[in-house]
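The next block is entry-v4.cif, given as mmCIF, C-alpha atoms.
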data_entry
loop_
_atom_site.group_PDB
_atom_site.id
_atom_site.type_symbol
_atom_site.label_atom_id
_atom_site.label_comp_id
_atom_site.auth_asym_id
_atom_site.auth_seq_id
_atom_site.Cartn_x
_atom_site.Cartn_y
_atom_site.Cartn_z
ATOM 1 C CA MET A 894 31.495 -11.690 -67.759
ATOM 2 C CA VAL A 895 28.817 -13.526 -65.800
ATOM 3 C CA LEU A 896 28.646 -17.269 -65.054
ATOM 4 C CA GLU A 897 25.311 -18.741 -63.969
ATOM 5 C CA VAL A 898 24.630 -22.301 -62.865
ATOM 6 C CA ASP A 899 20.992 -23.267 -62.575
ATOM 7 C CA ASN A 900 18.579 -26.169 -62.163
ATOM 8 C CA ILE A 901 21.173 -28.714 -61.055
ATOM 9 C CA GLU A 902 19.893 -32.043 -59.851
ATOM 10 C CA LEU A 903 22.309 -34.742 -58.714
ATOM 11 C CA ASN A 904 21.416 -38.153 -57.296
ATOM 12 C CA PHE A 905 23.658 -40.920 -55.967
ATOM 13 C CA LYS A 906 22.009 -44.336 -55.626
ATOM 14 C CA HIS A 907 18.529 -42.822 -55.437
ATOM 15 C CA LYS A 908 19.673 -40.300 -52.813
ATOM 16 C CA ARG A 909 19.253 -36.694 -53.881
ATOM 17 C CA ILE A 910 22.442 -34.727 -53.267
ATOM 18 C CA LEU A 911 21.685 -31.475 -55.087
ATOM 19 C CA SER A 912 18.395 -30.025 -56.263
ATOM 20 C CA GLY A 913 17.311 -26.572 -57.405
ATOM 21 C CA ILE A 914 20.817 -25.125 -57.312
ATOM 22 C CA TYR A 915 21.430 -21.585 -58.503
ATOM 23 C CA VAL A 916 24.760 -19.762 -58.367
ATOM 24 C CA LYS A 917 25.754 -16.539 -60.089
ATOM 25 C CA ALA A 918 29.404 -15.481 -60.266
ATOM 26 C CA GLU A 919 30.816 -12.403 -61.953
ATOM 27 C CA MET A 920 34.193 -11.151 -63.049
ATOM 28 C CA GLY A 921 35.445 -8.621 -60.539
ATOM 29 C CA SER A 922 34.121 -10.470 -57.506
ATOM 30 C CA VAL A 923 34.818 -13.657 -55.558
ATOM 31 C CA THR A 924 31.882 -16.006 -55.049
ATOM 32 C CA GLY A 925 32.159 -18.196 -51.968
ATOM 33 C CA ILE A 926 30.302 -21.459 -51.383
ATOM 34 C CA LEU A 927 29.875 -22.538 -47.764
ATOM 35 C CA GLY A 928 28.315 -25.713 -46.433
ATOM 36 C CA GLY A 929 28.828 -28.509 -43.958
ATOM 37 C CA ASN A 930 30.817 -31.664 -44.629
ATOM 38 C CA GLY A 931 29.012 -33.804 -47.174
ATOM 39 C CA SER A 932 26.734 -30.972 -48.303
ATOM 40 C CA GLY A 933 27.815 -31.354 -51.936
ATOM 41 C CA LYS A 934 30.232 -28.440 -52.427
ATOM 42 C CA SER A 935 32.840 -30.501 -54.275
ATOM 43 C CA SER A 936 30.134 -32.214 -56.338
ATOM 44 C CA LEU A 937 28.813 -28.802 -57.337
ATOM 45 C CA PHE A 938 32.273 -27.647 -58.407
ATOM 46 C CA ASN A 939 32.843 -30.828 -60.394
ATOM 47 C CA ILE A 940 29.511 -30.309 -62.145
ATOM 48 C CA ILE A 941 30.408 -26.718 -63.018
ATOM 49 C CA PHE A 942 33.849 -27.805 -64.253
ATOM 50 C CA GLY A 943 32.220 -30.525 -66.318
ATOM 51 C CA ASN A 944 33.754 -33.778 -65.068
ATOM 52 C CA LEU A 945 30.649 -34.872 -63.124
ATOM 53 C CA LYS A 946 27.418 -35.349 -65.017
ATOM 54 C CA PRO A 947 24.237 -34.657 -63.027
ATOM 55 C CA LYS A 948 20.693 -35.557 -63.948
ATOM 56 C CA TYR A 949 20.006 -31.939 -64.912
ATOM 57 C CA LYS A 950 22.076 -28.784 -65.198
ATOM 58 C CA LEU A 951 22.146 -25.463 -67.002
ATOM 59 C CA VAL A 952 25.381 -23.493 -67.293
ATOM 60 C CA ARG A 953 25.272 -20.045 -68.885
ATOM 61 C CA ILE A 954 27.959 -17.485 -69.688
ATOM 62 C CA ASN A 955 26.617 -14.009 -70.311
ATOM 63 C CA GLY A 956 23.184 -15.551 -70.676
ATOM 64 C CA GLU A 957 24.231 -18.053 -73.364
ATOM 65 C CA PRO A 958 23.904 -21.784 -72.528
ATOM 66 C CA ILE A 959 27.148 -23.777 -72.580
ATOM 67 C CA LEU A 960 26.246 -27.171 -73.994
ATOM 68 C CA LYS A 961 29.624 -28.910 -73.640
ATOM 69 C CA PRO A 962 31.610 -29.457 -70.442
ATOM 70 C CA LEU A 963 33.121 -26.188 -69.303
ATOM 71 C CA TYR A 964 36.647 -27.612 -69.194
ATOM 72 C CA LYS A 965 36.437 -28.233 -72.955
ATOM 73 C CA THR A 966 35.970 -24.510 -73.586
ATOM 74 C CA GLY A 967 39.455 -23.670 -72.309
ATOM 75 C CA LEU A 968 37.992 -20.971 -70.074
ATOM 76 C CA VAL A 969 38.377 -22.648 -66.692
ATOM 77 C CA LYS A 970 41.065 -23.829 -64.271
ATOM 78 C CA TYR A 971 40.103 -26.012 -61.303
ATOM 79 C CA LEU A 972 41.871 -26.688 -58.009
ATOM 80 C CA PRO A 973 40.463 -29.966 -56.652
ATOM 81 C CA GLN A 974 40.503 -30.960 -52.974
ATOM 82 C CA TYR A 975 43.273 -33.483 -53.506
ATOM 83 C CA HIS A 976 46.918 -32.998 -54.533
ATOM 84 C CA PHE A 977 46.818 -33.134 -58.319
ATOM 85 C CA VAL A 978 50.483 -32.610 -59.246
ATOM 86 C CA PRO A 979 52.344 -35.925 -59.778
ATOM 87 C CA ILE A 980 54.860 -36.449 -56.966
ATOM 88 C CA GLY A 981 57.896 -37.041 -59.216
ATOM 89 C CA ILE A 982 57.885 -33.615 -60.897
ATOM 90 C CA LYS A 983 60.416 -30.966 -59.928
ATOM 91 C CA ILE A 984 58.863 -27.733 -58.713
ATOM 92 C CA ARG A 985 60.592 -25.598 -61.340
ATOM 93 C CA ASN A 986 59.070 -27.803 -64.056
ATOM 94 C CA ILE A 987 55.582 -27.456 -62.609
ATOM 95 C CA PHE A 988 55.766 -23.698 -63.139
ATOM 96 C CA LYS A 989 56.993 -24.221 -66.718
ATOM 97 C CA LEU A 990 54.169 -26.669 -67.455
ATOM 98 C CA PHE A 991 51.546 -24.196 -66.239
ATOM 99 C CA ASN A 992 53.337 -21.218 -67.820
ATOM 100 C CA VAL A 993 53.476 -19.431 -64.462
ATOM 101 C CA CYS A 994 56.387 -17.212 -63.421
ATOM 102 C CA TRP A 995 58.581 -18.709 -60.712
ATOM 103 C CA SER A 996 60.241 -15.391 -59.780
ATOM 104 C CA ASP A 997 56.830 -13.797 -59.147
ATOM 105 C CA PHE A 998 55.944 -16.738 -56.930
ATOM 106 C CA VAL A 999 59.030 -16.442 -54.730
ATOM 107 C CA GLN A 1000 58.444 -12.713 -54.365
ATOM 108 C CA SER A 1001 55.189 -13.634 -52.644
ATOM 109 C CA PHE A 1002 56.518 -16.771 -50.918
ATOM 110 C CA GLU A 1003 60.224 -16.149 -50.254
ATOM 111 C CA THR A 1004 60.746 -19.274 -48.163
ATOM 112 C CA PHE A 1005 60.064 -21.460 -51.231
ATOM 113 C CA GLU A 1006 63.183 -20.295 -53.110
ATOM 114 C CA LYS A 1007 65.162 -23.238 -51.686
ATOM 115 C CA TYR A 1008 62.681 -25.735 -53.171
ATOM 116 C CA LYS A 1009 63.095 -24.757 -56.828
ATOM 117 C CA ASN A 1010 65.060 -27.858 -57.858
ATOM 118 C CA GLN A 1011 63.327 -30.304 -55.536
ATOM 119 C CA LYS A 1012 60.464 -32.634 -56.350
ATOM 120 C CA ILE A 1013 57.004 -31.675 -55.159
ATOM 121 C CA ASN A 1014 56.800 -34.646 -52.777
ATOM 122 C CA LYS A 1015 59.621 -33.157 -50.684
ATOM 123 C CA LEU A 1016 57.236 -30.435 -49.539
ATOM 124 C CA SER A 1017 54.786 -30.731 -46.668
ATOM 125 C CA SER A 1018 51.105 -31.118 -47.493
ATOM 126 C CA GLY A 1019 50.497 -27.445 -46.723
ATOM 127 C CA GLU A 1020 53.452 -26.295 -48.840
ATOM 128 C CA ARG A 1021 52.220 -28.397 -51.754
ATOM 129 C CA ARG A 1022 48.841 -26.728 -51.371
ATOM 130 C CA VAL A 1023 50.452 -23.305 -51.614
ATOM 131 C CA VAL A 1024 52.145 -24.268 -54.894
ATOM 132 C CA GLU A 1025 49.008 -25.865 -56.342
ATOM 133 C CA THR A 1026 46.781 -22.952 -55.373
ATOM 134 C CA TYR A 1027 49.204 -20.438 -56.818
ATOM 135 C CA ILE A 1028 49.639 -22.112 -60.199
ATOM 136 C CA ILE A 1029 45.874 -22.517 -60.632
ATOM 137 C CA LEU A 1030 45.250 -18.903 -59.603
ATOM 138 C CA LYS A 1031 47.930 -17.563 -61.912
ATOM 139 C CA SER A 1032 47.308 -19.851 -64.892
ATOM 140 C CA LYS A 1033 45.650 -18.285 -67.908
ATOM 141 C CA SER A 1034 41.883 -18.665 -67.512
ATOM 142 C CA THR A 1035 38.648 -16.715 -67.379
ATOM 143 C CA ILE A 1036 37.064 -18.826 -64.632
ATOM 144 C CA THR A 1037 38.947 -20.185 -61.610
ATOM 145 C CA ILE A 1038 37.437 -22.735 -59.223
ATOM 146 C CA LEU A 1039 39.203 -23.264 -55.890
ATOM 147 C CA ASP A 1040 38.131 -26.181 -53.708
ATOM 148 C CA GLU A 1041 39.738 -26.105 -50.250
ATOM 149 C CA PRO A 1042 42.648 -23.805 -51.197
ATOM 150 C CA PHE A 1043 43.504 -23.163 -47.522
ATOM 151 C CA SER A 1044 43.691 -26.831 -46.535
ATOM 152 C CA HIS A 1045 46.683 -27.432 -44.199
ATOM 153 C CA ILE A 1046 48.228 -24.073 -45.141
ATOM 154 C CA ALA A 1047 50.215 -22.284 -42.442
ATOM 155 C CA PRO A 1048 48.636 -19.047 -41.153
ATOM 156 C CA LEU A 1049 51.752 -17.259 -42.440
ATOM 157 C CA TYR A 1050 50.632 -17.898 -46.031
ATOM 158 C CA VAL A 1051 46.852 -17.487 -45.727
ATOM 159 C CA GLU A 1052 46.823 -13.694 -45.926
ATOM 160 C CA THR A 1053 49.093 -13.750 -48.981
ATOM 161 C CA ILE A 1054 46.784 -16.179 -50.770
ATOM 162 C CA ILE A 1055 43.708 -14.094 -49.903
ATOM 163 C CA ASN A 1056 45.466 -11.028 -51.340
ATOM 164 C CA LEU A 1057 46.345 -12.941 -54.516
ATOM 165 C CA ILE A 1058 42.724 -14.036 -54.909
ATOM 166 C CA CYS A 1059 41.596 -10.413 -54.574
ATOM 167 C CA GLU A 1060 44.108 -9.396 -57.260
ATOM 168 C CA GLU A 1061 43.062 -12.115 -59.699
ATOM 169 C CA LYS A 1062 39.319 -11.418 -59.371
ATOM 170 C CA GLU A 1063 39.765 -8.215 -61.387
ATOM 171 C CA ARG A 1064 40.336 -10.308 -64.509
ATOM 172 C CA LYS A 1065 38.630 -13.599 -63.628
ATOM 173 C CA ILE A 1066 35.475 -15.142 -62.273
ATOM 174 C CA ILE A 1067 36.509 -16.869 -59.035
ATOM 175 C CA LEU A 1068 34.508 -19.536 -57.206
ATOM 176 C CA ILE A 1069 35.885 -20.685 -53.874
ATOM 177 C CA SER A 1070 34.947 -23.074 -51.092
ATOM 178 C CA ASP A 1071 36.681 -24.131 -47.891
ATOM 179 C CA HIS A 1072 35.709 -25.656 -44.552
ATOM 180 C CA LEU A 1073 37.614 -22.774 -42.925
ATOM 181 C CA TYR A 1074 34.659 -20.428 -43.235
ATOM 182 C CA LYS A 1075 36.491 -17.363 -41.888
ATOM 183 C CA HIS A 1076 38.843 -17.425 -44.872
ATOM 184 C CA ILE A 1077 35.869 -17.534 -47.244
ATOM 185 C CA ILE A 1078 34.229 -14.623 -45.432
ATOM 186 C CA ASP A 1079 37.511 -12.673 -45.676
ATOM 187 C CA SER A 1080 38.003 -13.320 -49.394
ATOM 188 C CA ALA A 1081 34.482 -13.527 -50.888
ATOM 189 C CA ASP A 1082 32.349 -10.635 -52.142
ATOM 190 C CA GLN A 1083 29.221 -12.779 -52.241
ATOM 191 C CA ILE A 1084 28.395 -16.026 -50.477
ATOM 192 C CA TYR A 1085 26.020 -18.904 -51.077
ATOM 193 C CA LEU A 1086 25.230 -21.477 -48.417
ATOM 194 C CA LEU A 1087 24.716 -25.032 -49.632
ATOM 195 C CA LYS A 1088 22.264 -26.713 -47.278
ATOM 196 C CA ASN A 1089 19.807 -29.584 -47.763
ATOM 197 C CA GLY A 1090 20.853 -29.828 -51.398
ATOM 198 C CA THR A 1091 19.938 -26.238 -52.303
ATOM 199 C CA THR A 1092 21.763 -22.913 -52.397
ATOM 200 C CA LYS A 1093 20.752 -19.944 -50.290
ATOM 201 C CA GLU A 1094 22.227 -16.538 -51.075
ATOM 202 C CA ILE A 1095 23.676 -14.932 -47.959
ATOM 203 C CA ASN A 1096 22.972 -11.202 -47.922
ATOM 204 C CA ASN A 1097 23.866 -10.800 -44.247
ATOM 205 C CA LEU A 1098 26.461 -12.910 -42.456
ATOM 206 C CA ARG A 1099 23.989 -13.396 -39.605
ATOM 207 C CA ASN A 1100 22.034 -15.554 -42.048
ATOM 208 C CA LEU A 1101 24.738 -18.184 -41.516
ATOM 209 C CA GLU A 1102 23.564 -18.423 -37.913
ATOM 210 C CA ASP A 1103 19.897 -18.261 -38.904
ATOM 211 C CA TYR A 1104 20.393 -21.260 -41.198
ATOM 212 C CA LYS A 1105 22.321 -23.091 -38.431
ATOM 213 C CA TYR A 1106 25.512 -23.314 -40.412
ATOM 214 C CA LEU A 1107 27.193 -21.416 -37.560
ATOM 215 C CA ASN A 1108 26.247 -21.401 -33.899
ATOM 216 C CA ASP A 1109 24.648 -18.274 -32.458
ATOM 217 C CA GLY A 1110 27.357 -15.794 -31.555
ATOM 218 C CA GLN A 1111 30.067 -17.550 -33.575
ATOM 219 C CA LEU A 1112 30.566 -14.472 -35.727
ATOM 220 C CA ASP A 1113 31.142 -12.219 -32.722
#
Structure re-expressed in structure tokens:
Amino acid sequence: MVLEVDNIELNFKHKRILSGIYVKAEMGSVTGILGGNGSGKSSLFNIIFGNLKPKYKLVRINGEPILKPLYKTGLVKYLPQYHFVPIGIKIRNIFKLFNVCWSDFVQSFETFEKYKNQKINKLSSGERRVVETYIILKSKSTITILDEPFSHIAPLYVETIINLICEEKERKIILISDHLYKHIIDSADQIYLLKNGTTKEINNLRNLEDYKYLNDGQLD
């Protein structure tokens, strides 16, 4: 399966945020979106998901235009930047609601076993992010969008999450963005840089320095 997003134009109060966007993402690979703060990464993901309406957009799956918001197709799960799980819900019930296996989760994250009967707000911000990222990754979907999945997560858990992403890509289209660019480089098979409102496909990581997203020598 192939997802293509094309010809996106987004303006806020007469200021152009996105223009001439093109992104192609395929099942079997992870597509990373990099860009500076305020470059429009989250806006792009919200447009793809379907809860932000731009001036123009074209979304295609296997070459066929999708005329309704993608979230209405039932194909997509989206991890937003913010904590989306209501604070009063017990962790065990979150896994039931998303139809995700708790025992599989604690095999990957053993230290969370003690939290099963606690409410989500008893966890640290980073621990909540681990839970939220996991349930979105493991929920039934064909397309998974992850916005800042590594935010505040302890280094101990980062490698596990990257491995889970690599497992899930075999049966899903995965789009991912994070300000921690090294984690995107480690997990993505293809990368687009969002700069000046347009996307630039990165065929060589040195292009990130050429486009001034990274400083010269930062990849060394």
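Of the listed residues A:Leu1073, A:Ala1081, A:Ser1034, A:Asn1108, the one whose atoms come nearest to Ile1095 in chain A is A:Ala1081, with distances taken using all atoms listed in the file.
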Problem set entry | Leu1030 in chain A environment, 12 Å, all atoms listed in the file, sequence neighbours closer than 4 positions dropped, as a PyMOL selection string | chain A and resi 969-972+991-994+998+1022-1026+1034-1040+1042+1054-1062+1064-1069
Could you work out an axis-aligned bounding box for all listed atoms of range 946-952 of chain A, with 6 Å added on each of the six sides, and give its centre and edge lengths in Å to one decimal, as AutoDock Vina command-line options?
--center_x 23.7 --center_y -29.5 --center_z -65.2 --size_x 19.4 --size_y 24.1 --size_z 16.3
Problem set entry | Within 12 Å of Asn930 in chain A using all atoms listed in the file, minus same-chain residues under 5 positions, as a ChimeraX atom specification | /A:935-936,1041,1070-1074,1087-1089,1106
For this session: Using the chain letters and residue numbers of this document, give as a VMD selection string the residues selected by the PyMOL selection byres ((chain A and resi 1086) around 6).
Result: chain A and resid 926 to 928 1085 1087 1092 to 1093
Problem set entry | Residues near Lys1075 in chain A, cut-off 12 Å, all atoms listed in the file, skip fewer than 4 positions along chain, as a list in words | Gly925, Leu927, Phe1043, Val1051, Glu1052, Ile1055, Ser1070, Asp1071, Asp1079, Ser1080, Ala1081, Ile1084, Leu1098, Leu1101, Leu1107, Gln1111, Leu1112 and Asp1113 of chain A
Can you write just those residues out, C-alpha atoms, as a PDB file, keeping the file's coordinate frame?
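Wrote it out as result18.pdb, contents follow:
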ATOM      1  CA  GLY A 925      32.159 -18.196 -51.968  1.00  0.00           C
ATOM      2  CA  LEU A 927      29.875 -22.538 -47.764  1.00  0.00           C
ATOM      3  CA  PHE A1043      43.504 -23.163 -47.522  1.00  0.00           C
ATOM      4  CA  VAL A1051      46.852 -17.487 -45.727  1.00  0.00           C
ATOM      5  CA  GLU A1052      46.823 -13.694 -45.926  1.00  0.00           C
ATOM      6  CA  ILE A1055      43.708 -14.094 -49.903  1.00  0.00           C
ATOM      7  CA  SER A1070      34.947 -23.074 -51.092  1.00  0.00           C
ATOM      8  CA  ASP A1071      36.681 -24.131 -47.891  1.00  0.00           C
ATOM      9  CA  ASP A1079      37.511 -12.673 -45.676  1.00  0.00           C
ATOM     10  CA  SER A1080      38.003 -13.320 -49.394  1.00  0.00           C
ATOM     11  CA  ALA A1081      34.482 -13.527 -50.888  1.00  0.00           C
ATOM     12  CA  ILE A1084      28.395 -16.026 -50.477  1.00  0.00           C
ATOM     13  CA  LEU A1098      26.461 -12.910 -42.456  1.00  0.00           C
ATOM     14  CA  LEU A1101      24.738 -18.184 -41.516  1.00  0.00           C
ATOM     15  CA  LEU A1107      27.193 -21.416 -37.560  1.00  0.00           C
ATOM     16  CA  GLN A1111      30.067 -17.550 -33.575  1.00  0.00           C
ATOM     17  CA  LEU A1112      30.566 -14.472 -35.727  1.00  0.00           C
ATOM     18  CA  ASP A1113      31.142 -12.219 -32.722  1.00  0.00           C
TER      19      ASP A1113
END
Exercise. Do you know which residues the PyMOL selection byres ((chain A and resi 999) around 12) returns on this file, as a ChimeraX atom specification?
Worked result: /A:984-985,988,993-998,1000-1009,1023-1024,1027,1053
Problem set entry | Result set of the PyMOL selection byres ((chain A and resi 938-948) around 8) on the coordinates above, as a PyMOL selection string | chain A and resi 898+901-904+934-937+949-950+952+961-964+969+971+1038+1040
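Proximity ranking of A:Glu1094, A:Glu1063, A:Glu1020, A:Asp1082 relative to Ile1046 in chain A places A:Glu1020 first, based on only C-alpha atoms.
Here CA of Asn1096 in chain A is placed at a distance of 26.8 Å from CA of Pro958 in chain A.
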Exercise. Using only C-alpha atoms, which residues sit within 6 Å of Leu896 in chain A once same-chain residues fewer than 5 positions away are excluded, as a list in words?
Worked result: Lys917, Ala918, Arg953 and Ile954 of chain A
Problem set entry | Distance query Leu990 in chain A at most 12 Å, all atoms listed in the file, self and fewer than 5 positions along chain excluded, as a ChimeraX atom specification | /A:978,982-985,995,1028-1029,1032-1033
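Counting all atoms listed in the file, the residue from A:Met920, A:Ile980, A:Leu1016, A:Ile914 that sits nearest to Asn955 in chain A is A:Met920.
Put simply, CA of Ala1047 in chain A is 23.6 Å away from CA of Gly981 in chain A.
We find CA of Gln1083 in chain A and CA of Asn1097 in chain A to be spaced 9.8 Å apart.
Ranking A:His1076, A:Gly931, A:Asn900, A:Lys989 by their shortest atom-to-atom distance to Val916 in chain A, with only C-alpha atoms included, puts A:Asn900 first.
With all atoms listed in the file as the atoms that count, the minimum distance from Gly929 in chain A to the choices A:His1045, A:Asn1100, A:Phe977, A:Gly1090 is reached by A:Gly1090.
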For this session: Rank A:Lys1015, A:Leu960, A:Met894, A:Leu951 by their smallest atom-to-atom distance to Pro979 in chain A, using only C-alpha atoms, and report the top residue only.
Result: A:Lys1015
